[in-house]
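Note: the block below is input24.csv and it holds CSV, C-alpha atoms and all ligand atoms.
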chain,number,residue,atom,x,y,z
A,1,MET,CA,37.4,24.8,-37.5
A,2,LYS,CA,35.5,24.1,-40.7
A,3,PHE,CA,32.3,22.0,-40.4
A,4,ASN,CA,30.3,20.2,-43.1
A,5,ASP,CA,27.0,21.0,-41.5
A,6,LEU,CA,25.3,22.2,-38.3
A,7,TYR,CA,25.3,18.7,-36.8
A,8,GLU,CA,29.1,18.6,-36.9
A,9,GLU,CA,29.3,22.1,-35.4
A,10,LEU,CA,27.0,21.2,-32.5
A,11,PHE,CA,28.8,17.9,-32.0
A,12,TYR,CA,32.2,19.6,-31.9
A,13,LYS,CA,31.0,22.1,-29.3
A,14,ALA,CA,29.4,19.4,-27.1
A,15,LEU,CA,32.4,17.1,-27.4
A,16,SER,CA,34.7,20.0,-26.5
A,17,ILE,CA,32.8,20.6,-23.3
A,18,ARG,CA,32.9,16.9,-22.4
A,19,LEU,CA,36.6,16.7,-23.0
A,20,VAL,CA,37.2,19.8,-21.0
A,21,GLU,CA,35.4,18.3,-18.0
A,22,GLU,CA,37.2,15.0,-18.5
A,23,LYS,CA,40.4,17.0,-18.2
A,24,ILE,CA,39.2,18.5,-15.0
A,25,ILE,CA,38.6,14.9,-13.7
A,26,GLU,CA,42.2,14.1,-14.6
A,27,LEU,CA,43.6,17.2,-13.0
A,28,TYR,CA,41.5,17.2,-9.8
A,29,PRO,CA,43.6,14.8,-7.7
A,30,THR,CA,46.6,17.1,-8.1
A,31,ASP,CA,44.7,19.8,-6.1
A,32,LYS,CA,45.6,22.4,-8.6
A,33,ILE,CA,41.9,23.1,-8.9
A,34,GLU,CA,40.9,23.8,-5.3
A,35,SER,CA,37.3,25.0,-5.9
A,36,PRO,CA,34.5,22.4,-5.8
A,37,VAL,CA,33.4,21.4,-9.3
A,38,HIS,CA,29.8,20.6,-10.5
A,39,LEU,CA,30.3,18.8,-13.8
A,40,SER,CA,27.9,18.9,-16.6
A,41,ILE,CA,28.9,15.5,-18.2
A,42,GLY,CA,25.7,14.1,-19.7
A,43,GLN,CA,24.1,17.6,-19.9
A,44,GLU,CA,26.3,19.3,-22.5
A,45,ALA,CA,23.8,19.0,-25.3
A,46,VAL,CA,21.4,21.2,-23.5
A,47,ALA,CA,23.9,24.1,-23.2
A,48,VAL,CA,25.0,23.7,-26.8
A,49,GLY,CA,21.5,23.5,-28.2
A,50,VAL,CA,20.4,26.5,-26.1
A,51,CYS,CA,23.4,28.8,-27.0
A,52,GLN,CA,23.6,28.1,-30.7
A,53,GLU,CA,21.0,30.6,-31.8
A,54,LEU,CA,21.9,33.2,-29.2
A,55,ARG,CA,24.0,36.2,-30.3
A,56,THR,CA,26.9,37.6,-28.4
A,57,THR,CA,24.8,40.5,-27.4
A,58,ASP,CA,22.1,38.2,-25.9
A,59,LEU,CA,22.7,37.6,-22.2
A,60,ILE,CA,22.6,34.3,-20.3
A,61,PHE,CA,22.6,33.8,-16.6
A,62,SER,CA,23.4,30.3,-15.3
A,63,ASN,CA,23.6,28.3,-12.1
A,64,ASN,CA,26.6,26.7,-10.4
A,65,ARG,CA,26.7,23.9,-12.9
A,66,GLY,CA,27.8,26.5,-15.4
A,67,HIS,CA,31.0,25.2,-17.2
A,68,ALA,CA,28.9,24.1,-20.2
A,69,TYR,CA,27.1,27.4,-20.6
A,70,TYR,CA,30.3,29.5,-20.2
A,71,LEU,CA,31.9,27.5,-23.0
A,72,ALA,CA,28.8,27.1,-25.2
A,73,LYS,CA,28.3,30.9,-25.1
A,74,GLY,CA,31.8,31.5,-26.3
A,75,GLY,CA,33.8,32.0,-23.1
A,76,ASP,CA,37.5,31.8,-23.5
A,77,LEU,CA,39.0,28.3,-22.7
A,78,LYS,CA,42.4,29.6,-21.4
A,79,GLU,CA,40.6,32.0,-19.0
A,80,PHE,CA,38.3,29.2,-18.0
A,81,PHE,CA,41.2,26.9,-16.8
A,82,ALA,CA,43.0,29.9,-15.3
A,83,GLU,CA,39.9,30.7,-13.3
A,84,LEU,CA,39.6,27.1,-12.0
A,85,TYR,CA,43.3,27.3,-11.0
A,86,GLY,CA,42.6,30.6,-9.2
A,87,LYS,CA,45.1,32.5,-11.3
A,88,ASN,CA,44.9,36.2,-12.1
A,89,THR,CA,44.5,35.6,-15.8
A,90,GLY,CA,41.2,33.8,-15.1
A,91,CYS,CA,37.9,35.1,-16.4
A,92,CYS,CA,37.2,36.5,-12.9
A,93,ARG,CA,40.8,37.1,-12.0
A,94,GLY,CA,40.8,34.0,-10.0
A,95,LYS,CA,38.2,35.1,-7.5
A,96,GLY,CA,35.2,33.2,-8.8
A,97,GLY,CA,36.4,29.6,-9.4
A,98,SER,CA,34.3,26.9,-11.0
A,99,MET,CA,30.9,28.0,-9.5
A,100,HIS,CA,31.2,31.8,-10.3
A,101,LEU,CA,32.3,32.0,-13.9
A,102,ALA,CA,31.5,35.0,-16.0
A,103,ALA,CA,32.4,36.2,-19.5
A,104,THR,CA,30.4,39.4,-19.9
A,105,ASP,CA,32.1,40.2,-23.3
A,106,VAL,CA,30.2,37.2,-24.8
A,107,GLY,CA,27.0,37.6,-22.8
A,108,PHE,CA,27.7,35.0,-20.2
A,109,MET,CA,26.7,37.2,-17.3
A,110,GLY,CA,27.6,34.9,-14.4
A,111,ALA,CA,26.9,31.9,-12.4
A,112,SER,CA,26.3,31.5,-8.7
A,113,ALA,CA,26.5,28.8,-6.0
A,114,ILE,CA,23.3,30.0,-4.4
A,115,VAL,CA,20.5,28.0,-5.9
A,116,ALA,CA,18.0,30.2,-8.0
A,117,SER,CA,19.9,33.4,-7.2
A,118,THR,CA,20.7,34.3,-10.8
A,119,ILE,CA,17.0,34.0,-11.9
A,120,PRO,CA,16.1,37.5,-10.5
A,121,HIS,CA,19.3,38.9,-12.0
A,122,ALA,CA,18.2,37.6,-15.4
A,123,VAL,CA,14.8,39.1,-14.9
A,124,GLY,CA,16.4,42.4,-13.9
A,125,ALA,CA,18.5,42.4,-17.1
A,126,ALA,CA,15.3,41.7,-19.1
A,127,LEU,CA,13.6,44.6,-17.4
A,128,ALA,CA,16.6,46.8,-18.3
A,129,ALA,CA,16.5,45.6,-21.9
A,130,LYS,CA,12.8,46.6,-22.1
A,131,LYS,CA,13.2,50.0,-20.4
A,132,LEU,CA,16.2,50.9,-22.5
A,133,ASN,CA,14.5,49.7,-25.7
A,134,LYS,CA,17.3,47.3,-26.5
A,135,ASN,CA,16.7,44.4,-28.9
A,136,HIS,CA,18.7,41.7,-27.2
A,137,ILE,CA,17.1,38.8,-25.3
A,138,ILE,CA,17.8,37.2,-21.9
A,139,THR,CA,18.1,33.5,-21.0
A,140,SER,CA,17.9,32.3,-17.5
A,141,VAL,CA,19.2,28.7,-16.9
A,142,PHE,CA,18.5,26.8,-13.7
A,143,GLY,CA,18.0,23.3,-12.4
A,144,ASP,CA,14.9,21.6,-11.2
A,145,GLY,CA,16.1,22.3,-7.7
A,146,ALA,CA,15.8,26.1,-8.3
A,147,VAL,CA,12.0,25.6,-8.8
A,148,ASP,CA,11.8,24.8,-5.1
A,149,GLU,CA,13.0,28.4,-4.2
A,150,GLY,CA,10.6,31.3,-3.4
A,151,VAL,CA,12.6,33.7,-5.6
A,152,TYR,CA,11.9,31.5,-8.6
A,153,HIS,CA,8.2,32.1,-8.3
A,154,GLU,CA,8.6,35.9,-7.7
A,155,ALA,CA,10.8,36.1,-10.8
A,156,LEU,CA,8.4,34.3,-13.1
A,157,ASN,CA,5.5,36.4,-11.9
A,158,PHE,CA,7.5,39.6,-12.4
A,159,ALA,CA,8.6,38.6,-15.9
A,160,SER,CA,5.1,37.7,-16.9
A,161,LEU,CA,3.4,40.7,-15.3
A,162,HIS,CA,5.9,43.2,-16.8
A,163,LYS,CA,6.1,41.4,-20.2
A,164,LEU,CA,9.9,40.9,-20.4
A,165,PRO,CA,12.0,39.4,-23.2
A,166,ILE,CA,13.3,36.4,-21.3
A,167,ILE,CA,13.5,32.6,-21.8
A,168,PHE,CA,13.5,30.5,-18.7
A,169,VAL,CA,15.3,27.2,-19.1
A,170,CYS,CA,14.8,24.5,-16.5
A,171,GLU,CA,17.4,21.8,-16.9
A,172,ASN,CA,15.6,18.9,-15.3
A,173,ASN,CA,18.0,16.1,-14.3
A,174,ASP,CA,15.4,15.1,-11.7
A,175,LEU,CA,17.9,15.7,-8.9
A,176,ALA,CA,18.7,18.3,-6.3
A,177,VAL,CA,21.9,16.8,-4.8
A,178,HIS,CA,20.3,13.3,-4.0
A,179,SER,CA,16.6,14.1,-3.9
A,180,ARG,CA,14.2,13.5,-6.8
A,181,THR,CA,11.6,16.0,-8.0
A,182,THR,CA,8.8,13.7,-6.7
A,183,GLU,CA,10.1,14.0,-3.2
A,184,ARG,CA,10.2,17.8,-3.4
A,185,GLN,CA,7.5,19.1,-5.6
A,186,ALA,CA,3.7,18.7,-5.2
A,187,PHE,CA,3.1,20.1,-8.7
A,188,LYS,CA,4.3,19.7,-12.3
A,189,ILE,CA,6.9,22.2,-13.3
A,190,LEU,CA,5.3,23.2,-16.6
A,191,ASP,CA,1.7,23.3,-15.3
A,192,HIS,CA,2.9,25.6,-12.5
A,193,ALA,CA,5.0,27.9,-14.8
A,194,GLY,CA,2.0,28.1,-17.2
A,195,ASN,CA,-0.1,29.4,-14.4
A,196,TYR,CA,2.0,32.6,-14.4
A,197,GLY,CA,0.8,33.1,-18.0
A,198,ILE,CA,4.0,32.1,-19.6
A,199,PRO,CA,3.9,29.8,-22.7
A,200,THR,CA,5.6,26.5,-21.8
A,201,HIS,CA,7.4,23.9,-23.8
A,202,TYR,CA,9.0,20.6,-23.2
A,203,CYS,CA,12.0,18.8,-24.7
A,204,ALA,CA,12.5,15.2,-23.6
A,205,GLU,CA,15.7,14.7,-25.7
A,206,GLY,CA,18.3,16.6,-23.7
A,207,TYR,CA,21.0,14.3,-25.0
A,208,ASP,CA,20.3,15.4,-28.5
A,209,PHE,CA,21.8,18.8,-29.3
A,210,THR,CA,20.0,19.1,-32.7
A,211,GLU,CA,16.6,18.6,-31.0
A,212,VAL,CA,17.4,21.1,-28.3
A,213,TYR,CA,18.5,23.5,-30.9
A,214,ARG,CA,15.4,23.0,-33.0
A,215,VAL,CA,13.0,23.6,-30.2
A,216,PHE,CA,15.0,26.4,-28.5
A,217,SER,CA,15.7,28.4,-31.7
A,218,ARG,CA,12.0,28.7,-32.3
A,219,LEU,CA,11.6,30.2,-28.8
A,220,VAL,CA,14.5,32.6,-29.5
A,221,SER,CA,12.7,33.8,-32.7
A,222,GLU,CA,9.5,34.1,-30.8
A,223,VAL,CA,11.0,36.3,-28.0
A,224,ARG,CA,12.9,38.4,-30.5
A,225,THR,CA,9.6,39.3,-32.2
A,226,THR,CA,7.1,39.4,-29.3
A,227,ARG,CA,9.5,40.6,-26.5
A,228,LEU,CA,7.4,38.3,-24.2
A,229,PRO,CA,8.6,35.5,-21.8
A,230,GLN,CA,8.8,31.8,-22.8
A,231,TYR,CA,9.6,28.8,-20.6
A,232,ILE,CA,11.1,25.5,-21.5
A,233,GLU,CA,11.8,22.4,-19.4
A,234,ILE,CA,14.5,20.2,-20.9
A,235,LYS,CA,15.0,16.7,-19.6
A,236,THR,CA,18.6,15.7,-19.0
A,237,CYS,CA,20.8,13.3,-17.0
A,238,ARG,CA,23.8,14.0,-14.9
A,239,TYR,CA,26.3,11.2,-15.1
A,240,MET,CA,28.7,12.2,-12.3
A,241,GLU,CA,28.1,12.8,-8.6
A,242,HIS,CA,26.4,16.1,-7.6
A,243,VAL,CA,29.7,17.8,-6.8
A,244,GLY,CA,33.2,16.4,-7.5
A,245,VAL,CA,34.8,14.2,-10.1
A,246,ASN,CA,33.5,10.7,-9.3
A,247,GLU,CA,30.6,8.5,-10.3
A,248,ASP,CA,28.3,7.7,-7.5
A,249,TYR,CA,26.1,5.0,-9.0
A,250,ASN,CA,26.3,2.9,-5.8
A,251,ALA,CA,25.1,5.8,-3.6
A,252,GLY,CA,21.6,4.3,-3.7
A,253,TYR,CA,19.6,7.4,-4.7
A,254,ARG,CA,19.1,6.6,-8.4
A,255,SER,CA,19.4,3.5,-10.6
A,256,ILE,CA,22.3,2.8,-12.8
A,257,LYS,CA,19.9,1.5,-15.5
A,258,GLN,CA,18.5,4.9,-15.9
A,259,ILE,CA,21.9,6.4,-16.6
A,260,GLU,CA,22.8,3.5,-18.9
A,261,SER,CA,19.7,4.1,-21.0
A,262,TRP,CA,20.6,7.7,-21.3
A,263,LYS,CA,24.2,6.9,-22.3
A,264,ALA,CA,23.0,4.5,-24.9
A,265,LYS,CA,21.4,7.5,-26.7
A,266,ASP,CA,24.2,9.9,-26.1
A,267,PRO,CA,26.0,10.9,-29.4
A,268,LEU,CA,29.1,11.8,-27.5
A,269,MET,CA,29.4,8.2,-26.5
A,270,ASN,CA,28.3,6.6,-29.7
A,271,GLN,CA,29.4,8.6,-32.7
A,272,LYS,CA,32.9,7.1,-32.9
A,273,ALA,CA,33.8,8.5,-36.4
A,274,LEU,CA,33.1,12.1,-35.4
A,275,ILE,CA,34.8,11.7,-32.0
A,276,ASP,CA,37.9,10.4,-33.8
A,277,LYS,CA,37.7,13.3,-36.3
A,278,PHE,CA,37.5,16.1,-33.7
A,279,LYS,CA,39.2,14.8,-30.6
A,280,PRO,CA,42.8,15.5,-31.5
A,281,SER,CA,42.3,19.2,-32.2
A,282,ILE,CA,40.1,19.7,-29.1
A,283,LEU,CA,42.7,17.9,-26.9
A,284,LYS,CA,45.4,20.2,-28.3
A,285,GLU,CA,43.4,23.3,-27.5
A,286,ILE,CA,42.7,22.0,-23.9
A,287,GLU,CA,46.4,21.2,-23.4
A,288,GLU,CA,47.3,24.8,-24.4
A,289,ALA,CA,44.7,26.2,-22.1
A,290,VAL,CA,46.0,24.1,-19.2
A,291,MET,CA,49.5,25.3,-19.8
A,292,PHE,CA,48.3,28.9,-19.9
A,293,ALA,CA,46.7,28.3,-16.5
A,294,GLU,CA,49.8,26.6,-15.1
A,295,ASP,CA,52.1,29.4,-16.3
A,296,SER,CA,49.9,32.2,-15.1
A,297,SER,CA,50.6,33.9,-11.8
A,298,TRP,CA,48.5,34.1,-8.7
A,299,PRO,CA,46.7,37.3,-7.8
A,300,GLU,CA,48.7,39.5,-5.4
A,301,LEU,CA,47.5,40.1,-1.8
A,302,THR,CA,46.9,43.7,-2.8
A,303,ASP,CA,44.3,42.4,-5.4
A,304,LEU,CA,42.2,40.9,-2.7
A,305,LEU,CA,39.5,43.5,-2.7
A,306,THR,CA,39.7,44.6,-6.3
A,307,ASP,CA,36.6,43.9,-8.4
A,308,VAL,CA,34.7,42.5,-5.5
A,309,ILE,CA,33.0,45.7,-4.1
A,401,LIG,C1,19.8,28.6,-1.6
A,401,LIG,C2,20.6,27.3,-1.6
A,401,LIG,N1,20.0,26.2,-1.0
A,401,LIG,C3,20.7,25.0,-1.0
A,401,LIG,C4,22.0,25.0,-1.6
A,401,LIG,C5,22.7,23.7,-1.6
A,401,LIG,N2,22.6,23.1,-3.0
A,401,LIG,C6,23.6,23.3,-3.9
A,401,LIG,S1,23.3,22.7,-5.4
A,401,LIG,C7,21.8,22.1,-4.8
A,401,LIG,C8,20.9,21.4,-5.7
A,401,LIG,C9,20.5,22.1,-7.0
A,401,LIG,O1,19.8,21.3,-7.8
A,401,LIG,P1,19.4,21.8,-9.2
A,401,LIG,O2,19.0,23.2,-9.1
A,401,LIG,O3,18.4,20.9,-9.8
A,401,LIG,O4,20.7,21.8,-10.0
A,401,LIG,P2,21.6,20.5,-10.4
A,401,LIG,O5,22.6,20.4,-9.3
A,401,LIG,O6,20.7,19.3,-10.5
A,401,LIG,O7,22.3,20.9,-11.7
A,401,LIG,C10,21.6,22.5,-3.5
A,401,LIG,C11,20.3,22.1,-2.7
A,401,LIG,C12,22.5,26.1,-2.2
A,401,LIG,N3,23.7,26.1,-2.8
A,401,LIG,N4,21.8,27.3,-2.2
A,402,MG,MG,18.7,19.2,-10.8
Now, as a test, write the supplied structure out as structure tokens.
Ligand SMILES: Cc1ncc(C[n+]2csc(CCOP(=O)(O)OP(=O)(O)O)c2C)c(N)n1
Ligand SMILES: [Mg+2]
Amino acid sequence: MKFNDLYEELFYKALSIRLVEEKIIELYPTDKIESPVHLSIGQEAVAVGVCQELRTTDLIFSNNRGHAYYLAKGGDLKEFFAELYGKNTGCCRGKGGSMHLAATDVGFMGASAIVASTIPHAVGAALAAKKLNKNHIITSVFGDGAVDEGVYHEALNFASLHKLPIIFVCENNDLAVHSRTTERQAFKILDHAGNYGIPTHYCAEGYDFTEVYRVFSRLVSEVRTTRLPQYIEIKTCRYMEHVGVNEDYNAGYRSIKQIESWKAKDPLMNQKALIDKFKPSILKEIEEAVMFAEDSSWPELTDLLTDVI
């Protein structure tokens, strides 16, 4: 695909992720996708803005809301749908499902259903990069809920103490399932991260891929040069329920007004001309990927223990 400028490229990538997840919503009632799905609809711009400046050799570790990062980092779309279908052509041979995607060939090192569990993996990879004198950098993406976990604190301390080339990205949608940060945290996320001696940054415009890109690409350059950790909190908004394919605005834990004000700023809802320009080719690609998943075969029983130990 040829783009007129960076804005178009970022828009195309973000719109692709949104349309992929809308396809998942459409397919889900058929039960062809049996794993739980945590959709990133509303949060795509963060993944796209973060991944744009990263090289294939840079490594990223994500949480269970990982579709957007898998795709933004360059993960294969056919293998994505095949994985969701549990087929042996999936990126994890059908054993990972939606919450455990990986595409190590493009530096998407994996996602995990266990909150905060990939943060120490990312720090370990950063330690390896340092010890082996490599020049790639590591990004660790997690939600505001991961900040509540003990291992998060150990990981930040270790990365700072050992001066590791890592960027921590906190995707703050203000929710861990249904609980707000004010109900869970007696501290401010950035104040607290800063106390570990890591420079901190904030981006309030998580709906705006160009702004995320602008802020994040500076951190990438910084870490490439200094080989020291950086931390960014990016504000965002999850439109759908925590897990599943429905809206849950009537569930009573957040206000619909807040979501509507976010949607009003969302380019993927408002830039009609660009949506019309790109949507047909993206939908074609999605249909091909779904057909690939449908036509692929299941893993054999004899494959049960391959690649898992
Ligand atoms: C260690 C652990 N505790 C609890 C859960 C249940 N759980 C799954 S997702 C989630 C909330 C995560 O919130 P956040 O990290 O902010 O990510 P978000 O869902 O908002 O993207 C919780 C508590 C879990 N999977 N792992
Ligand atoms: Mg959250």
Check your understanding: Can you list, as a PyMOL selection string, every protein, DNA or RNA residue that comes within 8 Å of Tyr207 (chain A) when you count all atoms listed in the file, leaving out same-chain residues fewer than 4 positions away?
Key -> chain A and resi 42-46+236+262+265-267
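Atom pair CA of Ile138 (chain A) / CA of Gly97 (chain A): separated by 23.7 Å.
By all atoms listed in the file, and with residues fewer than 5 positions from Asp191 (chain A) along its chain excluded, the set lying at most 12 Å from it is Ala186, Tyr196, Gly197, Ile198, Pro199, Thr200, His201, Tyr202, Tyr231, Ile232 and Glu233 of chain A.
Checking A:Leu283, A:Leu59, A:Ala113, A:Leu127 one by one against Leu228 (chain A), counting all atoms listed in the file, you find the shortest gap at A:Leu127.
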**Study point:** Neighbourhood of ligand MG 402 (chain A) at 9 Å, counting all atoms listed in the file, reported as a count of residues only
**Key:** 20
Review point. Looking at A:Leu164, A:Leu19, A:Val151, A:Met109, which one is nearest to ligand LIG 401 (chain A), with distances taken over all atoms listed in the file?
Key: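 Using all atoms listed in the file, the shortest distance to ligand LIG 401 (chain A) belongs to A:Val151.
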For region 290-294 of chain A, what centre and edge lengths in Å (one decimal) does the axis-aligned box get once 3 Å is added on each side of all its listed atoms, as JSON?
{"center_x": 47.9, "center_y": 26.5, "center_z": -17.5, "size_x": 9.8, "size_y": 10.8, "size_z": 10.8}
Review point. For Ser221 (chain A), which residue out of A:His136, A:His192, A:Arg65, A:His121 is the nearest one, using all atoms listed in the file?
Key: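 Residue with the minimum atom-to-atom distance to Ser221 (chain A): A:His136.
Of the residues listed (A:Tyr152, A:Phe209, A:Phe187, A:Phe278), A:Tyr152 shows the shortest atom-to-atom separation from ligand LIG 401 (chain A); distances use all atoms listed in the file.
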Practice item. Give me the residues within 10 Å of Gly86 (chain A) as a VMD selection string, counting all atoms listed in the file and dropping any in the same chain fewer than 6 places off. Key: chain A and resid 32 to 35 80 92 to 98 293 296 to 299
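Straight-line separation from CA of Val115 (chain A) to CA of Asp303 (chain A): 27.8 Å.
For Ala122 (chain A), the list of residues within 8 Å, based on only C-alpha atoms and with local chain neighbours fewer than 3 positions off taken out, reads A:Ile60, A:Phe61, A:Thr118, A:Ile119, A:Ala125, A:Ala126, A:Ile138, A:Thr139, A:Ser140, A:Ile166.
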Review point. Hey, which of A:Gly107, A:Gly66, A:Gly252, A:Pro229 ends up closest to ligand LIG 401 (chain A)? Count all atoms listed in the file.
Key: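 So, comparing all the options, the nearest one is A:Gly66.
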Point to revise | Point-to-point distance in Å for CA of Phe168 (chain A) and CA of Glu241 (chain A) | key: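 Rounded to one decimal, the two atoms are 25.1 Å apart.
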Exercise for review: Kindly indicate which residue among A:Arg214, A:Gly150, A:Glu205, A:Thr226 lies nearest to Lys163 (chain A), using only C-alpha atoms for the distances.
Suggested key: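 Comparing A:Arg214, A:Gly150, A:Glu205, A:Thr226 against Lys163 (chain A), the winner is A:Thr226.
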Review point. Which residues come within 8 Å of Tyr69 (chain A), counting only C-alpha atoms, excluding same-chain residues fewer than 3 positions away, as a list in words?
Key: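 Final neighbour list, sorted by chain and number: Ala47, Val48, Cys51, Ser62, Gly66, Ala72, Lys73 and Phe108 of chain A.
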